[in-house]
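my_file_2.csv follows; it contains CSV, C-alpha atoms.
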```csv
chain,number,residue,atom,x,y,z
A,1,MET,CA,0.0,0.0,0.0
A,2,LEU,CA,1.3,3.4,-1.0
A,3,HIS,CA,0.5,6.3,1.4
A,4,HIS,CA,0.6,9.6,-0.4
A,5,GLN,CA,-0.8,13.1,0.2
A,6,PRO,CA,-0.8,15.2,-3.0
A,7,GLU,CA,0.0,18.8,-2.3
A,8,GLU,CA,-2.4,19.9,-5.0
A,9,THR,CA,-5.4,18.5,-3.1
A,10,ALA,CA,-4.3,18.6,0.5
A,11,LEU,CA,-6.4,15.5,1.1
A,12,ALA,CA,-5.3,12.5,3.2
A,13,LEU,CA,-5.3,9.9,0.5
A,14,SER,CA,-4.0,6.3,0.6
A,15,PHE,CA,-3.5,4.6,-2.8
A,16,VAL,CA,-3.9,0.8,-3.1
A,17,SER,CA,-2.7,0.1,-6.6
A,18,ALA,CA,-1.9,-3.6,-6.2
A,19,GLY,CA,0.3,-3.4,-9.3
A,20,LEU,CA,-1.7,-1.0,-11.4
A,21,PRO,CA,-0.5,2.5,-12.0
A,22,VAL,CA,-1.3,5.1,-9.3
A,23,PRO,CA,-3.8,7.5,-10.8
A,24,THR,CA,-3.4,11.2,-11.3
A,25,VAL,CA,-5.8,12.8,-8.9
A,26,GLY,CA,-5.1,16.5,-9.5
A,27,ASN,CA,-7.9,18.7,-8.1
A,28,LEU,CA,-10.7,16.4,-9.1
A,29,LEU,CA,-11.6,15.7,-5.4
A,30,SER,CA,-11.7,19.2,-4.1
A,31,PHE,CA,-15.3,18.6,-2.9
A,32,LEU,CA,-14.1,16.2,-0.2
A,33,PRO,CA,-13.8,17.4,3.4
A,34,ARG,CA,-10.1,17.8,4.4
A,35,ASN,CA,-10.4,16.2,7.9
A,36,ARG,CA,-10.9,12.6,6.8
A,37,LYS,CA,-8.8,9.8,5.4
A,38,TYR,CA,-9.7,8.4,2.1
A,39,THR,CA,-8.6,5.3,0.2
A,40,VAL,CA,-8.1,5.4,-3.6
A,41,PHE,CA,-8.4,2.2,-5.7
A,42,PRO,CA,-7.9,1.6,-9.4
A,43,GLY,CA,-11.2,1.3,-11.2
A,44,PHE,CA,-12.7,-2.0,-10.5
A,45,ALA,CA,-13.6,-4.3,-13.5
A,46,ASP,CA,-16.5,-6.7,-13.4
A,47,VAL,CA,-16.4,-9.4,-16.1
A,48,HIS,CA,-19.9,-10.7,-15.4
A,49,VAL,CA,-22.7,-8.1,-15.6
A,50,HIS,CA,-26.2,-8.2,-17.1
A,51,LEU,CA,-27.2,-4.8,-18.3
A,52,ARG,CA,-30.4,-6.0,-20.0
A,53,GLU,CA,-30.3,-3.6,-22.9
A,54,PRO,CA,-31.3,-4.2,-25.7
A,55,GLY,CA,-34.5,-6.2,-25.1
A,56,PHE,CA,-35.2,-6.1,-21.4
A,57,SER,CA,-34.9,-2.4,-20.4
A,58,TYR,CA,-37.7,-2.8,-17.9
A,59,LYS,CA,-35.2,-4.7,-15.8
A,60,GLU,CA,-32.2,-2.4,-16.3
A,61,THR,CA,-31.0,0.1,-18.8
A,62,MET,CA,-27.5,0.8,-20.0
A,63,ALA,CA,-27.7,4.1,-18.2
A,64,SER,CA,-29.0,2.7,-14.9
A,65,GLY,CA,-26.7,-0.3,-14.9
A,66,THR,CA,-23.5,1.7,-15.6
A,67,ARG,CA,-24.4,4.4,-13.1
A,68,ALA,CA,-24.9,1.6,-10.5
A,69,ALA,CA,-21.5,0.2,-11.5
A,70,ALA,CA,-19.9,3.6,-11.1
A,71,ARG,CA,-21.4,3.9,-7.6
A,72,GLY,CA,-19.8,0.6,-6.8
A,73,GLY,CA,-16.3,1.8,-7.9
A,74,TYR,CA,-16.4,0.1,-11.3
A,75,THR,CA,-15.1,1.8,-14.4
A,76,ALA,CA,-15.3,-1.3,-16.7
A,77,VAL,CA,-17.8,-4.1,-17.1
A,78,CYS,CA,-18.3,-6.9,-19.5
A,79,ALA,CA,-21.9,-7.2,-20.6
A,80,MET,CA,-23.4,-10.7,-20.9
A,81,PRO,CA,-25.2,-11.6,-24.2
A,82,ASN,CA,-28.6,-12.9,-23.0
A,83,LEU,CA,-30.3,-10.0,-24.8
A,84,ASN,CA,-32.8,-9.4,-27.6
A,85,PRO,CA,-31.4,-9.6,-30.2
A,86,VAL,CA,-28.7,-11.9,-28.9
A,87,PRO,CA,-25.3,-10.5,-30.1
A,88,ASP,CA,-24.5,-13.6,-32.3
A,89,SER,CA,-23.6,-11.7,-35.4
A,90,PRO,CA,-22.0,-8.3,-36.3
A,91,GLU,CA,-25.5,-6.9,-37.1
A,92,HIS,CA,-27.0,-8.0,-33.8
A,93,LEU,CA,-24.0,-6.9,-31.9
A,94,ALA,CA,-24.3,-3.4,-33.4
A,95,VAL,CA,-27.7,-3.0,-31.7
A,96,GLU,CA,-26.0,-3.5,-28.3
A,97,GLU,CA,-23.1,-1.2,-29.3
A,98,ALA,CA,-25.5,1.6,-30.1
A,99,ALA,CA,-27.1,1.2,-26.7
A,100,ILE,CA,-23.7,1.4,-25.0
A,101,GLN,CA,-22.9,4.5,-27.0
A,102,ARG,CA,-26.2,6.2,-26.0
A,103,GLY,CA,-26.3,5.3,-22.3
A,104,ALA,CA,-23.1,4.0,-20.7
A,105,VAL,CA,-21.2,6.2,-18.3
A,106,ILE,CA,-18.3,3.8,-17.9
A,107,HIS,CA,-16.5,1.4,-20.2
A,108,VAL,CA,-18.8,-1.5,-21.4
A,109,TYR,CA,-17.2,-4.4,-23.2
A,110,PRO,CA,-19.8,-6.7,-24.8
A,111,TYR,CA,-19.6,-10.5,-25.0
A,112,GLY,CA,-20.5,-12.2,-28.2
A,113,ALA,CA,-22.6,-15.3,-28.0
A,114,ILE,CA,-21.1,-18.7,-28.6
A,115,THR,CA,-24.1,-20.1,-30.5
A,116,VAL,CA,-26.9,-18.5,-32.5
A,117,GLY,CA,-29.6,-17.2,-30.2
A,118,GLU,CA,-27.7,-19.0,-27.3
A,119,GLN,CA,-29.6,-22.0,-28.5
A,120,GLY,CA,-26.6,-24.3,-28.6
A,121,GLU,CA,-27.4,-25.7,-32.0
A,122,GLN,CA,-25.3,-23.6,-34.4
A,123,LEU,CA,-22.1,-21.7,-33.9
A,124,ALA,CA,-22.5,-17.9,-33.9
A,125,ASP,CA,-20.4,-15.7,-36.2
A,126,LEU,CA,-17.4,-15.7,-33.9
A,127,ALA,CA,-15.0,-14.5,-36.5
A,128,GLY,CA,-17.2,-11.6,-37.5
A,129,MET,CA,-17.5,-10.3,-33.9
A,130,ALA,CA,-14.0,-11.2,-32.6
A,131,ASN,CA,-12.5,-7.7,-32.8
A,132,ARG,CA,-15.5,-6.1,-31.1
A,133,VAL,CA,-16.1,-8.3,-28.1
A,134,CYS,CA,-14.3,-9.1,-24.9
A,135,ALA,CA,-14.9,-12.9,-25.1
A,136,PHE,CA,-17.6,-15.4,-26.2
A,137,SER,CA,-20.2,-16.8,-23.8
A,138,ASP,CA,-23.7,-18.3,-23.8
A,139,ASP,CA,-24.2,-17.1,-20.3
A,140,GLY,CA,-27.5,-18.0,-18.8
A,141,ARG,CA,-27.4,-21.3,-20.7
A,142,GLY,CA,-24.8,-24.0,-20.6
A,143,VAL,CA,-23.6,-25.3,-24.0
A,144,GLN,CA,-25.0,-28.9,-23.7
A,145,SER,CA,-23.1,-30.4,-26.7
A,146,ARG,CA,-19.5,-31.5,-26.2
A,147,ALA,CA,-19.0,-31.3,-30.0
A,148,MET,CA,-20.4,-27.8,-30.1
A,149,MET,CA,-18.2,-26.6,-27.3
A,150,LYS,CA,-15.1,-28.2,-28.9
A,151,GLU,CA,-15.9,-26.5,-32.2
A,152,ALA,CA,-16.3,-23.1,-30.4
A,153,MET,CA,-13.0,-23.6,-28.6
A,154,VAL,CA,-11.1,-24.4,-31.7
A,155,LEU,CA,-12.4,-21.3,-33.5
A,156,ALA,CA,-11.9,-19.1,-30.4
A,157,LYS,CA,-8.3,-20.3,-30.1
A,158,SER,CA,-7.6,-19.4,-33.7
A,159,LEU,CA,-9.1,-15.9,-33.1
A,160,GLY,CA,-7.2,-15.4,-29.9
A,161,LYS,CA,-10.4,-15.0,-27.8
A,162,LEU,CA,-11.6,-16.4,-24.5
A,163,ILE,CA,-14.5,-18.8,-24.1
A,164,ALA,CA,-16.3,-17.9,-20.8
A,165,ALA,CA,-18.7,-20.7,-19.9
A,166,HIS,CA,-21.9,-20.9,-17.9
A,167,CYS,CA,-21.5,-24.5,-16.8
A,168,GLU,CA,-24.8,-26.2,-16.2
A,169,ASP,CA,-25.9,-29.7,-17.3
A,170,ASN,CA,-29.6,-29.4,-18.0
A,171,SER,CA,-30.1,-33.2,-17.7
A,172,LEU,CA,-29.1,-33.0,-14.0
A,173,LEU,CA,-31.4,-30.1,-13.0
A,174,ASN,CA,-34.6,-32.1,-12.4
A,175,GLY,CA,-36.7,-28.9,-11.9
A,176,GLY,CA,-34.5,-27.6,-9.1
A,177,TYR,CA,-34.2,-24.0,-8.2
A,178,ILE,CA,-32.1,-23.8,-5.0
A,179,HIS,CA,-29.2,-25.9,-3.8
A,180,ASP,CA,-30.0,-29.6,-3.1
A,181,GLY,CA,-29.0,-29.3,0.5
A,182,ALA,CA,-30.4,-29.1,4.1
A,183,TYR,CA,-32.7,-26.1,3.5
A,184,ALA,CA,-34.3,-27.6,0.4
A,185,HIS,CA,-34.9,-30.9,2.1
A,186,ALA,CA,-36.3,-29.3,5.3
A,187,HIS,CA,-38.7,-27.0,3.4
A,188,GLY,CA,-39.8,-29.2,0.6
A,189,HIS,CA,-38.0,-27.4,-2.3
A,190,LYS,CA,-36.5,-29.0,-5.4
A,191,GLY,CA,-32.8,-28.9,-5.3
A,192,ILE,CA,-30.1,-28.2,-7.9
A,193,SER,CA,-27.3,-30.7,-7.5
A,194,SER,CA,-23.6,-29.7,-7.4
A,195,GLU,CA,-22.9,-32.1,-10.1
A,196,SER,CA,-24.9,-30.1,-12.6
A,197,GLU,CA,-22.2,-27.5,-12.3
A,198,TRP,CA,-19.0,-29.4,-11.9
A,199,ARG,CA,-19.7,-32.1,-14.5
A,200,PRO,CA,-19.7,-29.6,-17.4
A,201,ILE,CA,-16.6,-27.9,-16.0
A,202,LEU,CA,-14.8,-31.3,-16.1
A,203,ARG,CA,-15.9,-31.7,-19.7
A,204,ASP,CA,-14.7,-28.2,-20.7
A,205,LEU,CA,-11.4,-28.6,-18.9
A,206,GLU,CA,-10.7,-31.7,-21.0
A,207,LEU,CA,-11.6,-29.8,-24.1
A,208,ALA,CA,-9.5,-26.8,-23.2
A,209,ALA,CA,-6.5,-29.1,-22.6
A,210,GLU,CA,-7.2,-30.7,-26.0
A,211,THR,CA,-7.7,-27.5,-28.0
A,212,GLY,CA,-5.4,-25.1,-26.2
A,213,CYS,CA,-8.2,-22.6,-25.9
A,214,ALA,CA,-8.1,-19.9,-23.2
A,215,TYR,CA,-11.1,-20.9,-21.0
A,216,HIS,CA,-12.8,-19.0,-18.2
A,217,VAL,CA,-15.4,-20.5,-15.9
A,218,CYS,CA,-18.2,-18.2,-14.8
A,219,HIS,CA,-19.6,-18.0,-11.2
A,220,ILE,CA,-18.3,-21.2,-9.6
A,221,SER,CA,-20.2,-22.2,-6.5
A,222,THR,CA,-19.1,-25.7,-5.5
A,223,ARG,CA,-16.1,-27.3,-3.8
A,224,GLU,CA,-15.8,-29.8,-6.6
A,225,SER,CA,-15.5,-27.0,-9.1
A,226,VAL,CA,-12.7,-25.5,-7.1
A,227,ALA,CA,-10.8,-28.8,-6.9
A,228,LEU,CA,-11.2,-29.5,-10.6
A,229,ILE,CA,-9.9,-26.1,-11.6
A,230,ARG,CA,-7.1,-26.2,-9.2
A,231,GLU,CA,-5.9,-29.5,-10.7
A,232,ALA,CA,-6.3,-28.3,-14.2
A,233,LYS,CA,-4.1,-25.2,-13.5
A,234,LYS,CA,-1.5,-27.5,-12.1
A,235,SER,CA,-1.5,-29.5,-15.3
A,236,GLY,CA,-1.1,-26.4,-17.5
A,237,VAL,CA,-4.6,-25.8,-18.8
A,238,ASP,CA,-5.2,-22.2,-19.7
A,239,VAL,CA,-8.1,-21.7,-17.3
A,240,THR,CA,-9.3,-18.9,-15.0
A,241,CYS,CA,-12.5,-18.6,-13.0
A,242,GLU,CA,-14.6,-16.3,-11.0
A,243,THR,CA,-17.0,-16.4,-8.1
A,244,GLY,CA,-19.4,-13.9,-6.6
A,245,PRO,CA,-19.5,-12.1,-3.3
A,246,HIS,CA,-22.7,-13.9,-2.3
A,247,TYR,CA,-21.1,-17.3,-2.7
A,248,LEU,CA,-18.2,-16.2,-0.5
A,249,VAL,CA,-20.1,-14.8,2.5
A,250,LEU,CA,-23.5,-16.7,2.4
A,251,ASP,CA,-24.6,-20.3,2.1
A,252,ASP,CA,-27.9,-22.2,2.1
A,253,SER,CA,-28.3,-21.8,5.8
A,254,CYS,CA,-28.9,-18.1,5.1
A,255,LEU,CA,-31.9,-18.8,2.8
A,256,GLN,CA,-35.3,-17.3,3.4
A,257,GLU,CA,-38.6,-17.7,1.6
A,258,ASP,CA,-37.8,-14.7,-0.6
A,259,GLY,CA,-36.9,-14.3,-4.2
A,260,ARG,CA,-33.9,-12.1,-3.3
A,261,PHE,CA,-32.1,-15.3,-2.2
A,262,LYS,CA,-32.6,-17.0,-5.6
A,263,MET,CA,-29.8,-17.0,-8.1
A,264,ASN,CA,-28.2,-19.4,-10.5
A,265,PRO,CA,-26.0,-21.1,-9.4
A,266,PRO,CA,-27.6,-21.2,-6.0
A,267,LEU,CA,-26.2,-20.5,-2.6
A,268,ARG,CA,-24.5,-23.8,-1.7
A,269,ASP,CA,-23.4,-25.6,1.5
A,270,LYS,CA,-21.1,-24.1,4.1
A,271,THR,CA,-18.4,-26.5,3.0
A,272,ASP,CA,-18.7,-25.1,-0.5
A,273,ARG,CA,-18.4,-21.5,0.7
A,274,GLU,CA,-15.3,-22.5,2.7
A,275,ALA,CA,-13.7,-24.1,-0.4
A,276,LEU,CA,-14.4,-21.0,-2.4
A,277,VAL,CA,-12.6,-18.8,0.2
A,278,GLU,CA,-9.7,-21.3,0.2
A,279,GLY,CA,-9.7,-21.1,-3.6
A,280,LEU,CA,-9.3,-17.3,-3.4
A,281,LEU,CA,-6.4,-17.6,-1.0
A,282,ASP,CA,-4.4,-20.2,-3.1
A,283,GLY,CA,-5.0,-18.5,-6.4
A,284,THR,CA,-7.4,-21.1,-7.9
A,285,ILE,CA,-10.1,-18.5,-8.1
A,286,ASP,CA,-8.7,-15.5,-10.1
A,287,MET,CA,-11.3,-12.8,-9.7
A,288,ILE,CA,-14.5,-11.8,-8.0
A,289,ALA,CA,-17.4,-10.9,-10.4
A,290,THR,CA,-20.9,-9.9,-9.3
A,291,ASP,CA,-23.2,-11.6,-11.8
A,292,HIS,CA,-25.3,-8.5,-11.4
A,293,ALA,CA,-28.7,-9.7,-12.7
A,294,PRO,CA,-31.5,-7.2,-12.2
A,295,HIS,CA,-35.2,-8.2,-12.6
A,296,SER,CA,-38.4,-6.3,-12.0
A,297,ALA,CA,-39.9,-6.2,-8.5
A,298,GLU,CA,-42.8,-8.4,-9.7
A,299,GLU,CA,-40.4,-11.0,-11.1
A,300,LYS,CA,-38.7,-11.3,-7.8
A,301,SER,CA,-41.8,-11.3,-5.6
A,302,ARG,CA,-42.8,-14.9,-6.2
A,303,GLY,CA,-40.8,-16.6,-3.5
A,304,LEU,CA,-38.0,-19.1,-3.9
A,305,GLN,CA,-39.9,-21.5,-6.3
A,306,LYS,CA,-41.3,-19.0,-8.8
A,307,SER,CA,-39.1,-15.9,-8.7
A,308,ALA,CA,-36.8,-15.2,-11.6
A,309,MET,CA,-33.2,-16.3,-11.1
A,310,GLY,CA,-30.7,-13.5,-10.3
A,311,VAL,CA,-29.8,-10.9,-7.8
A,312,VAL,CA,-28.1,-7.5,-8.1
A,313,GLY,CA,-24.7,-6.8,-6.6
A,314,ILE,CA,-22.5,-4.3,-8.4
A,315,GLU,CA,-23.2,-1.5,-5.8
A,316,THR,CA,-22.5,-3.7,-2.8
A,317,ALA,CA,-19.6,-5.9,-4.0
A,318,PHE,CA,-16.7,-4.1,-2.5
A,319,PRO,CA,-18.3,-3.2,0.8
A,320,VAL,CA,-19.3,-6.9,1.3
A,321,VAL,CA,-15.9,-8.2,0.4
A,322,TYR,CA,-14.2,-5.6,2.5
A,323,THR,CA,-16.4,-6.2,5.5
A,324,HIS,CA,-16.4,-10.0,5.5
A,325,LEU,CA,-13.1,-10.8,4.0
A,326,VAL,CA,-10.7,-7.9,4.4
A,327,ARG,CA,-11.5,-6.5,7.9
A,328,PRO,CA,-11.4,-10.0,9.5
A,329,GLY,CA,-8.0,-10.5,8.0
A,330,ILE,CA,-8.9,-13.3,5.5
A,331,LEU,CA,-7.8,-11.2,2.6
A,332,SER,CA,-5.4,-8.2,2.5
A,333,LEU,CA,-6.7,-5.0,0.9
A,334,GLU,CA,-4.1,-5.5,-1.9
A,335,GLN,CA,-5.5,-9.1,-2.5
A,336,ALA,CA,-9.0,-7.7,-2.7
A,337,VAL,CA,-8.0,-5.1,-5.3
A,338,LYS,CA,-6.2,-7.8,-7.4
A,339,LEU,CA,-9.4,-9.8,-7.4
A,340,LEU,CA,-11.7,-6.9,-8.2
A,341,ALA,CA,-9.5,-4.8,-10.5
A,342,VAL,CA,-6.1,-6.2,-11.5
A,343,ASN,CA,-6.8,-9.8,-12.5
A,344,PRO,CA,-10.1,-9.2,-14.4
A,345,ARG,CA,-8.3,-6.6,-16.5
A,346,LYS,CA,-5.3,-8.8,-17.1
A,347,ARG,CA,-7.3,-11.9,-18.2
A,348,PHE,CA,-9.9,-10.0,-20.4
A,349,SER,CA,-7.4,-7.4,-21.8
A,350,LEU,CA,-9.3,-4.5,-20.4
A,351,PRO,CA,-7.3,-1.2,-20.4
A,352,LEU,CA,-7.0,1.1,-17.4
A,353,GLY,CA,-6.8,4.8,-18.1
A,354,ASN,CA,-6.9,7.4,-15.4
A,355,ASP,CA,-9.7,5.4,-13.7
A,356,PHE,CA,-10.1,5.2,-9.9
A,357,SER,CA,-12.6,5.3,-7.1
A,358,VAL,CA,-12.4,7.0,-3.7
A,359,TRP,CA,-13.7,5.4,-0.6
A,360,ASP,CA,-14.3,6.1,3.1
A,361,LEU,CA,-13.5,2.7,4.6
A,362,GLU,CA,-14.7,3.7,8.1
A,363,ASP,CA,-18.2,4.6,7.0
A,364,ARG,CA,-20.5,2.0,8.4
A,365,TYR,CA,-24.1,1.6,7.2
A,366,ALA,CA,-26.9,-0.9,6.4
A,367,ILE,CA,-27.4,-1.9,2.8
A,368,ASP,CA,-30.6,-0.3,1.6
A,369,PRO,CA,-31.9,-1.5,-1.8
A,370,ASP,CA,-34.2,1.6,-2.0
A,371,THR,CA,-31.1,3.7,-2.5
A,372,PHE,CA,-29.7,1.7,-5.4
A,373,LEU,CA,-29.1,3.3,-8.7
A,374,SER,CA,-29.8,0.0,-10.4
A,375,LEU,CA,-33.4,-0.6,-11.4
A,376,GLY,CA,-33.0,-4.0,-9.6
A,377,ARG,CA,-33.6,-4.2,-5.9
A,378,ALA,CA,-33.4,-7.9,-5.1
A,379,THR,CA,-30.3,-8.5,-3.0
A,380,PRO,CA,-29.6,-11.1,-0.3
A,381,PHE,CA,-27.5,-8.4,1.4
A,382,ALA,CA,-30.5,-6.1,2.2
A,383,GLY,CA,-30.1,-4.8,5.8
A,384,MET,CA,-26.5,-6.1,6.2
A,385,GLU,CA,-24.2,-3.8,8.1
A,386,VAL,CA,-21.1,-3.1,6.0
A,387,TYR,CA,-18.1,-0.8,6.0
A,388,GLY,CA,-16.9,1.2,3.0
A,389,ARG,CA,-18.7,3.9,1.0
A,390,CYS,CA,-17.8,5.0,-2.4
A,391,LEU,CA,-17.5,8.8,-2.5
A,392,ALA,CA,-16.5,9.3,-6.1
A,393,THR,CA,-15.6,7.3,-9.3
A,394,VAL,CA,-13.4,8.8,-12.0
A,395,LEU,CA,-13.2,7.6,-15.6
A,396,ASP,CA,-10.5,8.9,-17.9
A,397,GLY,CA,-10.0,11.9,-15.6
A,398,GLN,CA,-13.8,12.7,-15.4
A,399,ILE,CA,-16.0,12.2,-12.4
A,400,VAL,CA,-18.8,9.8,-13.3
A,401,TYR,CA,-20.1,9.3,-9.8
A,402,GLN,CA,-20.2,11.5,-6.8
A,403,ALA,CA,-21.9,10.6,-3.6
A,404,GLU,CA,-24.4,13.0,-2.1
A,405,ARG,CA,-23.3,14.8,1.0
A,406,SER,CA,-24.8,13.4,4.1
```
Any chance you could give the structure as structure tokens?
Amino acid sequence: MLHHQPEETALALSFVSAGLPVPTVGNLLSFLPRNRKYTVFPGFADVHVHLREPGFSYKETMASGTRAAARGGYTAVCAMPNLNPVPDSPEHLAVEEAAIQRGAVIHVYPYGAITVGEQGEQLADLAGMANRVCAFSDDGRGVQSRAMMKEAMVLAKSLGKLIAAHCEDNSLLNGGYIHDGAYAHAHGHKGISSESEWRPILRDLELAAETGCAYHVCHISTRESVALIREAKKSGVDVTCETGPHYLVLDDSCLQEDGRFKMNPPLRDKTDREALVEGLLDGTIDMIATDHAPHSAEEKSRGLQKSAMGVVGIETAFPVVYTHLVRPGILSLEQAVKLLAVNPRKRFSLPLGNDFSVWDLEDRYAIDPDTFLSLGRATPFAGMEVYGRCLATVLDGQIVYQAERS
């Protein structure tokens, strides 16, 4: 950690760069009171965000989603392709690019779909999109065919692009909607097995080893997934993975009969959560991504069984990680910044300009979804006491978020 007090601002600032360049602050932060200590981080990067536009702007818009991201300290996000139209061709991708141009207040890097319409039946126009997307993914749906995934990996390898996989075997779901664990059994819910996640990961790791494709696993949630990826890394497979804040600090013992606890993959067992934390510490898990997935209030009001899958998280990610992993000494602040800013940019080739966010790490408050800038309000962290409030986010030397004075 580099402690620095620029003369031009006369502010008490601590920079935590974790290997990224220390930003030029200048007089951008002249609005901050001088009698407090602030911490400056490089702009966070989230490689797994659902911005819902085009096609589903009643859930989120490019403007609302990126403003929410800026409030969370993010200056770059990778936007998932489960949209309408699905970005599976240059023409369809152009619709999303126009929405980004119109509404985004931070950098948005779109994914291209792996298959046409994310239907898993025909390869999308990967070559036509390659120079305009951050990676290829059918997120929200697992590619069920081994042959299709191999074909995608071979082509992605030739194009120098990542395949980022939502790993889910539909044949093993059996109508489940929460983890197949103690809570599901006690309350009569249908469970999602851990095997439905780790079995496709095993398949894809074999294919990545065979093809040499750069492979990224989305939102892992099980201890078996951690173990498989750990061993694959040791054997030289070009694989990275992510998990979300909710999988690191919650488990199925925290479930309530409320749609704000329903996401895919689901909250797993305590032993899974512990394995994920261990995976962070030993480098198996490369980054923290939110899987920010907003839905309308009505879609999330139907309880665990019938609510839509997905929760919001981009405005709460750092405070949750800081409160539950950094303050207790599980992670250092530098490790957290690597997971939230450094490693995502490195793996997905996301540039960092003069991007940073400024935080008061001693500000304690309860998470209140009614204050969110996102249109989505469903979060399992509602009411949780956390430390760390973002006061400003700067993109390319311009303030894109500034907290209201309390």
So which one's closest to Tyr183 in chain A, A:Arg146, A:Arg389, A:Lys161, A:Arg268? Using all atoms listed in the file, please.
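Smallest distance to Tyr183 in chain A is found for A:Arg268.
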Considering all atoms listed in the file, can you say which of A:Val217, A:Ile285, A:Ile367, A:Ala70 comes closest to Leu248 in chain A?
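Answer, going by the shortest atom-to-atom distance: A:Ile285.
One distance worth recording is that between CA of Tyr401 in chain A and CA of Pro369 in chain A, which is 17.9 Å.
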CA of Gly103 in chain A and CA of Ser57 in chain A are how many Å apart?
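Rounded to one decimal, the two atoms are 11.7 Å apart.
Residue nearest Met62 in chain A within the list A:Phe44, A:Tyr322, A:Tyr109, A:Tyr38: A:Tyr109 [criterion: smallest interatomic distance, all atoms listed in the file].
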Measuring atom to atom with all atoms listed in the file, identify which of A:Ile220, A:Val249, A:Leu361, A:Ala214 is nearest to Gly236 in chain A.
A:Ala214
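The residue set within 9 Å of range 192-197 of chain A, counting all atoms listed in the file and dropping same-chain residues fewer than 3 places from it, reads His166, Cys167, Glu168, Asp169, Asn170, Ser171, Leu172, Leu173, Asn174, Gly175, Gly176, Tyr177, Ile178, His179, Asp180, Gly181, Pro200, Ile201, Ile220, Ser221, Thr222, Arg223, Glu224, Ser225, Pro265, Pro266 and Arg268 of chain A.
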When distances are computed from only C-alpha atoms, which of A:Gly120, A:Pro319, A:Pro33, A:Pro54 shows the smallest separation from Met149 in chain A?
A:Gly120
Suppose you want the space between CA of Tyr111 in chain A and CA of Val394 in chain A; what is it in Å?
24.1 Å
Under the rule that all atoms listed in the file are counted, which of A:Asp282, A:Asp204, A:Asp363, A:Glu299 is the nearest residue to Ser145 in chain A?
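Residue with the minimum atom-to-atom distance to Ser145 in chain A: A:Asp204.
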Test item: residues at most 10 Å from Lys37 in chain A, all atoms listed in the file, excluding those fewer than 3 positions along its chain, as a PDB file with C-alpha atoms, keeping the file's coordinate frame:
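Contents of around00.pdb, as written:
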```pdb
ATOM      1  CA  LEU A  11      -6.400  15.500   1.100  1.00  0.00           C
ATOM      2  CA  ALA A  12      -5.300  12.500   3.200  1.00  0.00           C
ATOM      3  CA  LEU A  13      -5.300   9.900   0.500  1.00  0.00           C
ATOM      4  CA  SER A  14      -4.000   6.300   0.600  1.00  0.00           C
ATOM      5  CA  PRO A  33     -13.800  17.400   3.400  1.00  0.00           C
ATOM      6  CA  ARG A  34     -10.100  17.800   4.400  1.00  0.00           C
ATOM      7  CA  TRP A 359     -13.700   5.400  -0.600  1.00  0.00           C
ATOM      8  CA  ASP A 360     -14.300   6.100   3.100  1.00  0.00           C
ATOM      9  CA  LEU A 361     -13.500   2.700   4.600  1.00  0.00           C
ATOM     10  CA  GLU A 362     -14.700   3.700   8.100  1.00  0.00           C
TER      11      GLU A 362
END
```
Write out as JSON, numbers by chain each polymer residue whose atoms come within 8 Å of Ala336 in chain A, counting only C-alpha atoms; drop sequence neighbours fewer than 4 positions from it.
{"A": [321, 322, 326, 331, 332, 340]}
Find the residues near Ile163 in chain A: any atom within 7 Å, counting only C-alpha atoms, skip ones fewer than 4 places away on the same chain, and give them as number ranges by chain.
A: 135-137, 153, 156, 214-216
Distance query Ala182 in chain A at most 9 Å, all atoms listed in the file, self and fewer than 2 positions along chain excluded, as a short mmCIF file (atom, residue, chain, number, x, y, z; two decimals) with C-alpha atoms, in the coordinates of the input:
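Written file, selection.cif:
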```
data_model
loop_
_atom_site.label_atom_id
_atom_site.label_comp_id
_atom_site.auth_asym_id
_atom_site.auth_seq_id
_atom_site.Cartn_x
_atom_site.Cartn_y
_atom_site.Cartn_z
CA HIS A 179 -29.20 -25.90 -3.80
CA ASP A 180 -30.00 -29.60 -3.10
CA ALA A 184 -34.30 -27.60 0.40
CA HIS A 185 -34.90 -30.90 2.10
CA ALA A 186 -36.30 -29.30 5.30
CA HIS A 187 -38.70 -27.00 3.40
CA ASP A 252 -27.90 -22.20 2.10
CA SER A 253 -28.30 -21.80 5.80
CA ASP A 269 -23.40 -25.60 1.50
#
```
Neighbourhood query: residues within 7 Å of (-23.9, -7.6, -23.0), file coordinates, counting all atoms listed in the file; return as an MDAnalysis selection string.
chainID A and resid 50:51 78:81 110:111
Put those residues in a file: C-alpha atoms, as a PDB file, keeping the file's coordinate frame.
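The resulting out.pdb:
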```
ATOM      1  CA  HIS A  50     -26.200  -8.200 -17.100  1.00  0.00           C
ATOM      2  CA  LEU A  51     -27.200  -4.800 -18.300  1.00  0.00           C
ATOM      3  CA  CYS A  78     -18.300  -6.900 -19.500  1.00  0.00           C
ATOM      4  CA  ALA A  79     -21.900  -7.200 -20.600  1.00  0.00           C
ATOM      5  CA  MET A  80     -23.400 -10.700 -20.900  1.00  0.00           C
ATOM      6  CA  PRO A  81     -25.200 -11.600 -24.200  1.00  0.00           C
ATOM      7  CA  PRO A 110     -19.800  -6.700 -24.800  1.00  0.00           C
ATOM      8  CA  TYR A 111     -19.600 -10.500 -25.000  1.00  0.00           C
TER       9      TYR A 111
END
```
